[in-house]
Amino acid sequence: KKGYVMRKCCYDSNAKRTPFHKRSWKMFYCTLRDLILYLHKDENGFRKNQMSDSLHNAIRIHHALATKAADYTKKQYVFRLQTADQAEYLFQTSDSKELQSWIDTINFV
Ligand code: I3P
């Protein structure tokens, strides 16, 4: 699965609250491959395989859990991603179909 999403970091690994200057929403071209969610700057970055950026932002989804972020009311179509190493992210998708599709893809790979 691939597509544009907005991402916000809430907790870094070991449930450490993400510092203020890193908590803002940012757009990425997101691809899921081999249990790793790669966050590319854009589709071009994905094609050119500009791996330094995307490796830096990669998220391991083995033993991760994606759930609708019903408690986050500032934006629509947002899911929460909790990872095995206790990091936590919010992802905003474009509509309810995309929201469910990302959640299912992450949880059932
Ligand atoms: C963050 C930015 C985020 C906001 C976050 C701020 O500031 O405004 O949009 O999250 O609030 O810290 P900055 O741009 O300076 O990094 P929300 O959109 O969810 O409010 P937070 O610290 O309460 O997460």
# chains A, B, ... in the order shown; residues from 1 in each chain; ligands from 1

call {"tool": "residues_around", "arguments": {"residues": "Arg17 (chain A)", "least_positions_apart": "6", "cutoff": "10 Å", "atoms": "only C-alpha atoms", "output": "PyMOL selection string"}}
result
chain A and resi 9-11+23+87-88

call {"tool": "residues_around", "arguments": {"residues": "region 95-107 of chain A", "least_positions_apart": "2", "cutoff": "10 Å", "atoms": "only C-alpha atoms", "output": "VMD selection string"}}
result
chain A and resid 1 to 3 5 32 35 to 37 61 to 68 76 to 81 91 to 93 109

call {"tool": "select_by_dssp", "arguments": {"residues": "chain A", "states": "alpha helix (DSSP H)", "output": "list of chain:residue names"}}
result
A:Glu43, A:Asn44, A:Gly45, A:Phe46, A:Arg47, A:Met51, A:Ser52, A:Asp53, A:Ser54, A:Leu55, A:His56, A:Ser96, A:Lys97, A:Glu98, A:Leu99, A:Gln100, A:Ser101, A:Trp102, A:Ile103, A:Asp104, A:Thr105, A:Ile106, A:Asn107, A:Phe108

call {"tool": "write_last_selection", "arguments": {"atoms": "N, CA and C atoms", "output": "PDB file, in the first residue's frame"}}
result
ATOM      1  N   GLU A  43       6.505  11.403  -3.809  1.00  0.00           N
ATOM      2  CA  GLU A  43       6.549  10.243  -4.700  1.00  0.00           C
ATOM      3  C   GLU A  43       7.884  10.126  -5.408  1.00  0.00           C
ATOM      4  N   ASN A  44       8.456  11.271  -5.703  1.00  0.00           N
ATOM      5  CA  ASN A  44       9.745  11.317  -6.370  1.00  0.00           C
ATOM      6  C   ASN A  44      10.823  10.676  -5.504  1.00  0.00           C
ATOM      7  N   GLY A  45      10.793  11.010  -4.225  1.00  0.00           N
ATOM      8  CA  GLY A  45      11.734  10.435  -3.280  1.00  0.00           C
ATOM      9  C   GLY A  45      11.580   8.929  -3.228  1.00  0.00           C
ATOM     10  N   PHE A  46      10.334   8.478  -3.368  1.00  0.00           N
ATOM     11  CA  PHE A  46      10.062   7.040  -3.371  1.00  0.00           C
ATOM     12  C   PHE A  46      10.659   6.397  -4.611  1.00  0.00           C
ATOM     13  N   ARG A  47      10.434   7.023  -5.767  1.00  0.00           N
ATOM     14  CA  ARG A  47      10.922   6.454  -7.023  1.00  0.00           C
ATOM     15  C   ARG A  47      12.445   6.436  -7.083  1.00  0.00           C
ATOM     16  N   MET A  51      16.940   6.808  -0.001  1.00  0.00           N
ATOM     17  CA  MET A  51      16.710   6.015   1.189  1.00  0.00           C
ATOM     18  C   MET A  51      17.122   6.694   2.486  1.00  0.00           C
ATOM     19  N   SER A  52      18.064   7.608   2.457  1.00  0.00           N
ATOM     20  CA  SER A  52      18.540   8.186   3.721  1.00  0.00           C
ATOM     21  C   SER A  52      17.383   8.807   4.491  1.00  0.00           C
ATOM     22  N   ASP A  53      16.588   9.641   3.807  1.00  0.00           N
ATOM     23  CA  ASP A  53      15.420  10.278   4.425  1.00  0.00           C
ATOM     24  C   ASP A  53      14.415   9.252   4.917  1.00  0.00           C
ATOM     25  N   SER A  54      14.083   8.326   4.003  1.00  0.00           N
ATOM     26  CA  SER A  54      13.006   7.403   4.345  1.00  0.00           C
ATOM     27  C   SER A  54      13.443   6.382   5.384  1.00  0.00           C
ATOM     28  N   LEU A  55      14.708   6.047   5.414  1.00  0.00           N
ATOM     29  CA  LEU A  55      15.173   5.123   6.451  1.00  0.00           C
ATOM     30  C   LEU A  55      15.134   5.799   7.811  1.00  0.00           C
ATOM     31  N   HIS A  56      15.484   7.077   7.795  1.00  0.00           N
ATOM     32  CA  HIS A  56      15.463   7.855   9.035  1.00  0.00           C
ATOM     33  C   HIS A  56      14.063   7.889   9.639  1.00  0.00           C
ATOM     34  N   SER A  96     -12.587   8.293   4.906  1.00  0.00           N
ATOM     35  CA  SER A  96     -12.849   7.162   5.806  1.00  0.00           C
ATOM     36  C   SER A  96     -12.426   5.833   5.183  1.00  0.00           C
ATOM     37  N   LYS A  97     -12.499   5.735   3.867  1.00  0.00           N
ATOM     38  CA  LYS A  97     -12.101   4.500   3.194  1.00  0.00           C
ATOM     39  C   LYS A  97     -10.584   4.290   3.314  1.00  0.00           C
ATOM     40  N   GLU A  98      -9.845   5.362   3.081  1.00  0.00           N
ATOM     41  CA  GLU A  98      -8.380   5.310   3.213  1.00  0.00           C
ATOM     42  C   GLU A  98      -7.987   5.020   4.657  1.00  0.00           C
ATOM     43  N   LEU A  99      -8.714   5.626   5.586  1.00  0.00           N
ATOM     44  CA  LEU A  99      -8.444   5.419   7.009  1.00  0.00           C
ATOM     45  C   LEU A  99      -8.537   3.927   7.342  1.00  0.00           C
ATOM     46  N   GLN A 100      -9.639   3.303   6.963  1.00  0.00           N
ATOM     47  CA  GLN A 100      -9.833   1.882   7.255  1.00  0.00           C
ATOM     48  C   GLN A 100      -8.816   1.021   6.514  1.00  0.00           C
ATOM     49  N   SER A 101      -8.512   1.410   5.304  1.00  0.00           N
ATOM     50  CA  SER A 101      -7.569   0.649   4.495  1.00  0.00           C
ATOM     51  C   SER A 101      -6.158   0.652   5.103  1.00  0.00           C
ATOM     52  N   TRP A 102      -5.717   1.814   5.601  1.00  0.00           N
ATOM     53  CA  TRP A 102      -4.397   1.874   6.255  1.00  0.00           C
ATOM     54  C   TRP A 102      -4.396   1.052   7.543  1.00  0.00           C
ATOM     55  N   ILE A 103      -5.463   1.175   8.330  1.00  0.00           N
ATOM     56  CA  ILE A 103      -5.546   0.439   9.592  1.00  0.00           C
ATOM     57  C   ILE A 103      -5.491  -1.068   9.331  1.00  0.00           C
ATOM     58  N   ASP A 104      -6.304  -1.537   8.374  1.00  0.00           N
ATOM     59  CA  ASP A 104      -6.334  -2.964   8.071  1.00  0.00           C
ATOM     60  C   ASP A 104      -4.996  -3.435   7.517  1.00  0.00           C
ATOM     61  N   THR A 105      -4.409  -2.650   6.642  1.00  0.00           N
ATOM     62  CA  THR A 105      -3.130  -3.042   6.047  1.00  0.00           C
ATOM     63  C   THR A 105      -2.062  -3.190   7.128  1.00  0.00           C
ATOM     64  N   ILE A 106      -2.011  -2.243   8.045  1.00  0.00           N
ATOM     65  CA  ILE A 106      -0.993  -2.288   9.099  1.00  0.00           C
ATOM     66  C   ILE A 106      -1.252  -3.440  10.068  1.00  0.00           C
ATOM     67  N   ASN A 107      -2.507  -3.644  10.433  1.00  0.00           N
ATOM     68  CA  ASN A 107      -2.810  -4.665  11.443  1.00  0.00           C
ATOM     69  C   ASN A 107      -2.797  -6.091  10.909  1.00  0.00           C
ATOM     70  N   PHE A 108      -3.028  -6.241   9.624  1.00  0.00           N
ATOM     71  CA  PHE A 108      -3.193  -7.601   9.112  1.00  0.00           C
ATOM     72  C   PHE A 108      -2.130  -8.019   8.107  1.00  0.00           C
TER      73      PHE A 108
END

call {"tool": "residues_near_ligand", "arguments": {"ligand": "ligand 1", "cutoff": "7 Å", "atoms": "only C-alpha atoms and all ligand atoms", "output": "list in words"}}
result
Cys10, Phe20, His21, Lys22, Arg23, Ser24, Trp25 and Lys74 of chain A

call {"tool": "write_last_selection", "arguments": {"atoms": "N, CA and C atoms", "output": "CSV table (one decimal), in the first residue's frame"}}
result
chain,number,residue,atom,x,y,z
A,10,CYS,N,3.9,11.6,18.6
A,10,CYS,CA,3.4,11.9,19.9
A,10,CYS,C,4.4,11.4,21.0
A,20,PHE,N,8.6,19.3,21.9
A,20,PHE,CA,7.7,20.3,21.2
A,20,PHE,C,8.1,20.6,19.8
A,21,HIS,N,9.3,20.8,19.5
A,21,HIS,CA,9.7,21.2,18.2
A,21,HIS,C,9.6,20.0,17.2
A,22,LYS,N,9.3,18.8,17.6
A,22,LYS,CA,9.1,17.7,16.7
A,22,LYS,C,7.7,17.2,16.6
A,23,ARG,N,6.7,17.9,17.2
A,23,ARG,CA,5.4,17.4,17.3
A,23,ARG,C,4.4,17.9,16.2
A,24,SER,N,4.9,18.7,15.2
A,24,SER,CA,4.0,19.2,14.2
A,24,SER,C,3.7,18.2,13.2
A,25,TRP,N,2.5,18.5,12.5
A,25,TRP,CA,2.1,17.6,11.4
A,25,TRP,C,2.9,17.8,10.2
A,74,LYS,N,-9.2,17.1,16.6
A,74,LYS,CA,-8.8,18.3,15.9
A,74,LYS,C,-8.8,18.1,14.4

call {"tool": "closest_residue", "arguments": {"among": "A:Lys41, A:Ser13, A:Ala58, A:Ser94", "to": "Lys75 (chain A)", "atoms": "only C-alpha atoms"}}
result
A:Ser94

call {"tool": "atom_distance", "arguments": {"atom1": "CA of Met27 (chain A)", "atom2": "CA of Leu39 (chain A)"}}
result
8.9 Å
